[in-house]
Amino acid sequence: MSFLIRVQLPDVPGALGAVATALGEIGADILSVDVVERSDGTAIDDLVVELPKGRLPDVLITAAESVKDVEVDAVRPYAGVLDTHRELELVEEVAAQPDQGLAIFTEGVPRIIRAGWAMVVGPEDRAAKTVSASTAAPQLKTLDLPFLPLSRATVLDGEEDWVPETWKELGTELAATPLGKPERVLLVGRPGGPQFRAAEVARLAHLAGIIAVVLSG
């Protein structure tokens, strides 16, 4: 079974290699690595690893944190491998089928940003209506979003009053970005975490900006 493990480690030569060695010693096979963020001498990396049958994911945490100054942010099941070129593929797919572009975009975002779900919401009277949603997104026709209109991409507080109780129970991390206009927003959720990093939010905003231009063209 494959897992996505997010680790914080010193941004120095050999640190990632030491983590890889520790994971290899418990039989974990590293399928891919993605650098999420680097700042102030610390790197945030996402590793997709495969564990032998019968091994519990807890061993990944123990192994990774056996390396000095390494912390594990989160471990969760993950289908597929990381592909940093998926943004381009998604833009091309949207451009090729503009009539279905919004649905294609919403379905593709979770794979790129490694979220559990995504939805596009727009204004409707005093609430916001769901315009498009990915397969795993919560089935909500309307949602009270007090932060609309949204001027820029941001991480949202998953404990605020407007957040549905089921999202809170799952420990859902949230981020949002305008999609072409402040009244239309892309909302993404990660049940169980990890939290969205600044670099990921910037990546999300950049992708949403490109898609907004493609859909308006």
# chains A, B, ... in the order shown; residues from 1 in each chain; ligands from 1

$ residues_around --residues "stretch 173-176 of chain A" --least-positions-apart "3" --cutoff "7 Å" --atoms "only C-alpha atoms" --output "PyMOL selection string"
chain A and resi 153-158+185-191+193-196

$ write_last_selection --atoms "N, CA, C and O atoms" --output "PDB file, in the first residue's frame"
ATOM      1  N   ALA A 153      -5.345  34.266  -2.697  1.00  0.00           N
ATOM      2  CA  ALA A 153      -5.274  32.900  -2.185  1.00  0.00           C
ATOM      3  C   ALA A 153      -4.869  32.899  -0.721  1.00  0.00           C
ATOM      4  O   ALA A 153      -4.021  33.696  -0.306  1.00  0.00           O
ATOM      5  N   THR A 154      -5.458  31.994   0.046  1.00  0.00           N
ATOM      6  CA  THR A 154      -5.181  31.995   1.481  1.00  0.00           C
ATOM      7  C   THR A 154      -5.479  30.640   2.103  1.00  0.00           C
ATOM      8  O   THR A 154      -6.249  29.837   1.554  1.00  0.00           O
ATOM      9  N   VAL A 155      -4.866  30.384   3.245  1.00  0.00           N
ATOM     10  CA  VAL A 155      -5.215  29.232   4.081  1.00  0.00           C
ATOM     11  C   VAL A 155      -6.364  29.649   4.981  1.00  0.00           C
ATOM     12  O   VAL A 155      -6.366  30.753   5.531  1.00  0.00           O
ATOM     13  N   LEU A 156      -7.356  28.792   5.134  1.00  0.00           N
ATOM     14  CA  LEU A 156      -8.535  29.095   5.940  1.00  0.00           C
ATOM     15  C   LEU A 156      -8.478  28.348   7.270  1.00  0.00           C
ATOM     16  O   LEU A 156      -7.890  27.270   7.366  1.00  0.00           O
ATOM     17  N   ASP A 157      -9.096  28.922   8.260  1.00  0.00           N
ATOM     18  CA  ASP A 157      -9.182  28.304   9.582  1.00  0.00           C
ATOM     19  C   ASP A 157     -10.317  27.279   9.577  1.00  0.00           C
ATOM     20  O   ASP A 157     -11.489  27.637   9.476  1.00  0.00           O
ATOM     21  N   GLY A 158      -9.961  26.008   9.689  1.00  0.00           N
ATOM     22  CA  GLY A 158     -10.950  24.937   9.636  1.00  0.00           C
ATOM     23  C   GLY A 158     -11.827  24.822  10.851  1.00  0.00           C
ATOM     24  O   GLY A 158     -12.720  23.963  10.899  1.00  0.00           O
ATOM     25  N   VAL A 185     -14.751  31.281  -6.223  1.00  0.00           N
ATOM     26  CA  VAL A 185     -13.613  30.791  -5.441  1.00  0.00           C
ATOM     27  C   VAL A 185     -13.435  29.289  -5.606  1.00  0.00           C
ATOM     28  O   VAL A 185     -14.415  28.531  -5.645  1.00  0.00           O
ATOM     29  N   LEU A 186     -12.181  28.879  -5.703  1.00  0.00           N
ATOM     30  CA  LEU A 186     -11.826  27.467  -5.646  1.00  0.00           C
ATOM     31  C   LEU A 186     -11.497  27.133  -4.205  1.00  0.00           C
ATOM     32  O   LEU A 186     -10.604  27.742  -3.607  1.00  0.00           O
ATOM     33  N   LEU A 187     -12.209  26.174  -3.635  1.00  0.00           N
ATOM     34  CA  LEU A 187     -12.019  25.751  -2.249  1.00  0.00           C
ATOM     35  C   LEU A 187     -11.510  24.316  -2.259  1.00  0.00           C
ATOM     36  O   LEU A 187     -12.103  23.444  -2.911  1.00  0.00           O
ATOM     37  N   VAL A 188     -10.401  24.071  -1.571  1.00  0.00           N
ATOM     38  CA  VAL A 188      -9.837  22.724  -1.523  1.00  0.00           C
ATOM     39  C   VAL A 188      -9.710  22.272  -0.073  1.00  0.00           C
ATOM     40  O   VAL A 188      -9.456  23.078   0.823  1.00  0.00           O
ATOM     41  N   GLY A 189      -9.896  20.984   0.139  1.00  0.00           N
ATOM     42  CA  GLY A 189      -9.842  20.441   1.492  1.00  0.00           C
ATOM     43  C   GLY A 189      -8.965  19.206   1.593  1.00  0.00           C
ATOM     44  O   GLY A 189      -8.921  18.389   0.665  1.00  0.00           O
ATOM     45  N   ARG A 190      -8.283  19.093   2.720  1.00  0.00           N
ATOM     46  CA  ARG A 190      -7.472  17.917   3.030  1.00  0.00           C
ATOM     47  C   ARG A 190      -7.955  17.313   4.337  1.00  0.00           C
ATOM     48  O   ARG A 190      -7.506  17.718   5.414  1.00  0.00           O
ATOM     49  N   PRO A 191      -8.882  16.382   4.306  1.00  0.00           N
ATOM     50  CA  PRO A 191      -9.302  15.736   5.548  1.00  0.00           C
ATOM     51  C   PRO A 191      -8.114  15.063   6.233  1.00  0.00           C
ATOM     52  O   PRO A 191      -7.402  14.268   5.630  1.00  0.00           O
ATOM     53  N   GLY A 193      -5.398  16.524   7.179  1.00  0.00           N
ATOM     54  CA  GLY A 193      -4.141  17.234   6.941  1.00  0.00           C
ATOM     55  C   GLY A 193      -3.280  16.572   5.889  1.00  0.00           C
ATOM     56  O   GLY A 193      -3.733  15.654   5.205  1.00  0.00           O
ATOM     57  N   PRO A 194      -2.031  17.039   5.718  1.00  0.00           N
ATOM     58  CA  PRO A 194      -1.361  18.082   6.498  1.00  0.00           C
ATOM     59  C   PRO A 194      -1.829  19.482   6.107  1.00  0.00           C
ATOM     60  O   PRO A 194      -2.546  19.649   5.114  1.00  0.00           O
ATOM     61  N   GLN A 195      -1.428  20.485   6.864  1.00  0.00           N
ATOM     62  CA  GLN A 195      -1.825  21.853   6.587  1.00  0.00           C
ATOM     63  C   GLN A 195      -1.208  22.331   5.278  1.00  0.00           C
ATOM     64  O   GLN A 195      -0.176  21.824   4.839  1.00  0.00           O
ATOM     65  N   PHE A 196      -1.848  23.268   4.645  1.00  0.00           N
ATOM     66  CA  PHE A 196      -1.322  23.823   3.407  1.00  0.00           C
ATOM     67  C   PHE A 196      -0.161  24.758   3.705  1.00  0.00           C
ATOM     68  O   PHE A 196      -0.260  25.629   4.576  1.00  0.00           O
TER      69      PHE A 196
END

$ select_by_dssp --residues "stretch 24-178 of chain A" --states "strand (DSSP E)" --output "JSON, numbers by chain"
{"A": [29, 30, 31, 32, 33, 34, 35, 36, 37, 38, 39, 42, 43, 44, 45, 46, 47, 48, 49, 50, 71, 72, 73, 74, 75, 76, 77, 117, 118, 119, 120, 121, 122, 123, 124, 127, 128, 129, 130, 131, 132, 133, 142, 143, 154, 155, 156, 173, 174, 175, 176, 177, 178]}

$ closest_residue --among "A:Gln8, A:Thr130, A:Gln139, A:Ser39" --to "A:Ala198" --atoms "only C-alpha atoms"
A:Ser39

$ closest_residue --among "A:Ala20, A:Asp29, A:Gly108, A:Val72" --to "A:Leu88" --atoms "only C-alpha atoms"
A:Gly108

$ closest_residue --among "A:Leu145, A:Ile5, A:Ala212, A:Ala133" --to "A:Asp46" --atoms "only C-alpha atoms"
A:Ile5

$ residues_around --residues "A:Val213" --least-positions-apart "5" --cutoff "12 Å" --atoms "only C-alpha atoms" --output "count of residues only"
12

$ residues_around --residues "A:Asp45" --least-positions-apart "4" --cutoff "6 Å" --atoms "only C-alpha atoms" --output "number ranges by chain"
A: 6-7, 34-36

$ write_last_selection --atoms "all heavy atoms" --output "short mmCIF file (atom, residue, chain, number, x, y, z; two decimals), in the first residue's frame"
data_model
loop_
_atom_site.label_atom_id
_atom_site.label_comp_id
_atom_site.auth_asym_id
_atom_site.auth_seq_id
_atom_site.Cartn_x
_atom_site.Cartn_y
_atom_site.Cartn_z
N ARG A 6 4.73 13.50 4.69
CA ARG A 6 5.30 14.85 4.62
C ARG A 6 6.28 15.03 5.77
O ARG A 6 5.92 14.83 6.93
CB ARG A 6 4.21 15.91 4.68
CG ARG A 6 4.77 17.34 4.75
CD ARG A 6 3.74 18.39 4.42
NE ARG A 6 3.33 18.30 3.02
CZ ARG A 6 2.52 19.18 2.43
NH1 ARG A 6 2.04 20.19 3.11
NH2 ARG A 6 2.21 19.04 1.16
N VAL A 7 7.51 15.40 5.43
CA VAL A 7 8.54 15.53 6.44
C VAL A 7 9.17 16.92 6.41
O VAL A 7 9.30 17.54 5.35
CB VAL A 7 9.66 14.47 6.26
CG1 VAL A 7 9.12 13.08 6.46
CG2 VAL A 7 10.32 14.60 4.89
N ASP A 34 8.83 15.02 -3.74
CA ASP A 34 8.48 16.36 -4.22
C ASP A 34 8.86 17.37 -3.15
O ASP A 34 8.45 17.24 -1.99
CB ASP A 34 6.99 16.44 -4.52
CG ASP A 34 6.59 17.77 -5.13
OD1 ASP A 34 7.43 18.39 -5.80
OD2 ASP A 34 5.43 18.19 -4.94
N VAL A 35 9.66 18.36 -3.51
CA VAL A 35 10.02 19.43 -2.58
C VAL A 35 8.86 20.43 -2.55
O VAL A 35 8.56 21.08 -3.54
CB VAL A 35 11.32 20.15 -3.00
CG1 VAL A 35 11.63 21.28 -2.03
CG2 VAL A 35 12.47 19.15 -3.06
N VAL A 36 8.21 20.54 -1.40
CA VAL A 36 7.06 21.43 -1.25
C VAL A 36 7.50 22.86 -0.98
O VAL A 36 6.99 23.82 -1.56
CB VAL A 36 6.14 20.94 -0.11
CG1 VAL A 36 4.99 21.92 0.12
CG2 VAL A 36 5.60 19.56 -0.43
#

$ residues_around --residues "A:Asp99" --least-positions-apart "6" --cutoff "12 Å" --atoms "only C-alpha atoms" --output "CSV table (one decimal) with N, CA, C and O atoms, in the first residue's frame"
chain,number,residue,atom,x,y,z
A,93,GLU,N,-5.9,20.0,-21.1
A,93,GLU,CA,-7.2,19.3,-21.1
A,93,GLU,C,-8.3,20.3,-21.1
A,93,GLU,O,-9.3,20.2,-21.8
A,105,PHE,N,-11.3,20.9,-14.5
A,105,PHE,CA,-10.3,21.6,-13.6
A,105,PHE,C,-10.6,21.2,-12.2
A,105,PHE,O,-9.7,20.8,-11.4
A,214,VAL,N,-7.8,30.8,-19.4
A,214,VAL,CA,-8.2,29.9,-20.5
A,214,VAL,C,-9.7,29.8,-20.6
A,214,VAL,O,-10.2,29.8,-21.8
A,215,LEU,N,-10.4,29.8,-19.5
A,215,LEU,CA,-11.9,29.7,-19.6
A,215,LEU,C,-12.6,30.9,-20.1
A,215,LEU,O,-13.7,30.9,-20.6
A,216,SER,N,-11.9,32.1,-20.0
A,216,SER,CA,-12.5,33.3,-20.4
A,216,SER,C,-12.2,33.6,-21.9
A,216,SER,O,-12.7,34.5,-22.5
A,217,GLY,N,-11.3,32.8,-22.5
A,217,GLY,CA,-10.8,33.1,-23.8
A,217,GLY,C,-11.7,32.5,-24.9
A,217,GLY,O,-12.7,31.9,-24.8

$ residues_around --residues "A:Gly41" --least-positions-apart "4" --cutoff "10 Å" --atoms "only C-alpha atoms" --output "JSON list (two decimals) with N, CA and C atoms, in the first residue's frame"
[["chain", "number", "residue", "atom", "x", "y", "z"],
["A", 9, "LEU", "N", 12.74, 18.64, 7.32],
["A", 9, "LEU", "CA", 14.11, 18.20, 7.55],
["A", 9, "LEU", "C", 15.08, 19.35, 7.27],
["A", 10, "PRO", "N", 16.27, 19.27, 7.84],
["A", 10, "PRO", "CA", 17.27, 20.33, 7.58],
["A", 10, "PRO", "C", 17.57, 20.40, 6.09],
["A", 11, "ASP", "N", 17.65, 21.60, 5.56],
["A", 11, "ASP", "CA", 17.95, 21.79, 4.14],
["A", 11, "ASP", "C", 19.46, 21.78, 3.93],
["A", 12, "VAL", "N", 20.03, 20.60, 4.15],
["A", 12, "VAL", "CA", 21.48, 20.42, 4.02],
["A", 12, "VAL", "C", 21.74, 19.14, 3.24]]

$ select_by_dssp --residues "stretch 34-215 of chain A" --states "helix (DSSP H, G or I)" --output "number ranges by chain"
A: 58-64, 86-96, 98-113, 165-169, 198-215

$ atom_distance --atom1 "atom CA of A:Asp73" --atom2 "atom CA of A:Pro138"
24.7 Å

$ residues_around --residues "A:Thr106" --least-positions-apart "5" --cutoff "8 Å" --atoms "only C-alpha atoms" --output "number ranges by chain"
A: 118-120, 132-134

$ atom_distance --atom1 "atom CA of A:Ala79" --atom2 "atom CA of A:Ser2"
6.6 Å

$ closest_residue --among "A:Ile104, A:Leu90, A:Leu60, A:Val70" --to "A:Ile210" --atoms "only C-alpha atoms"
A:Leu90
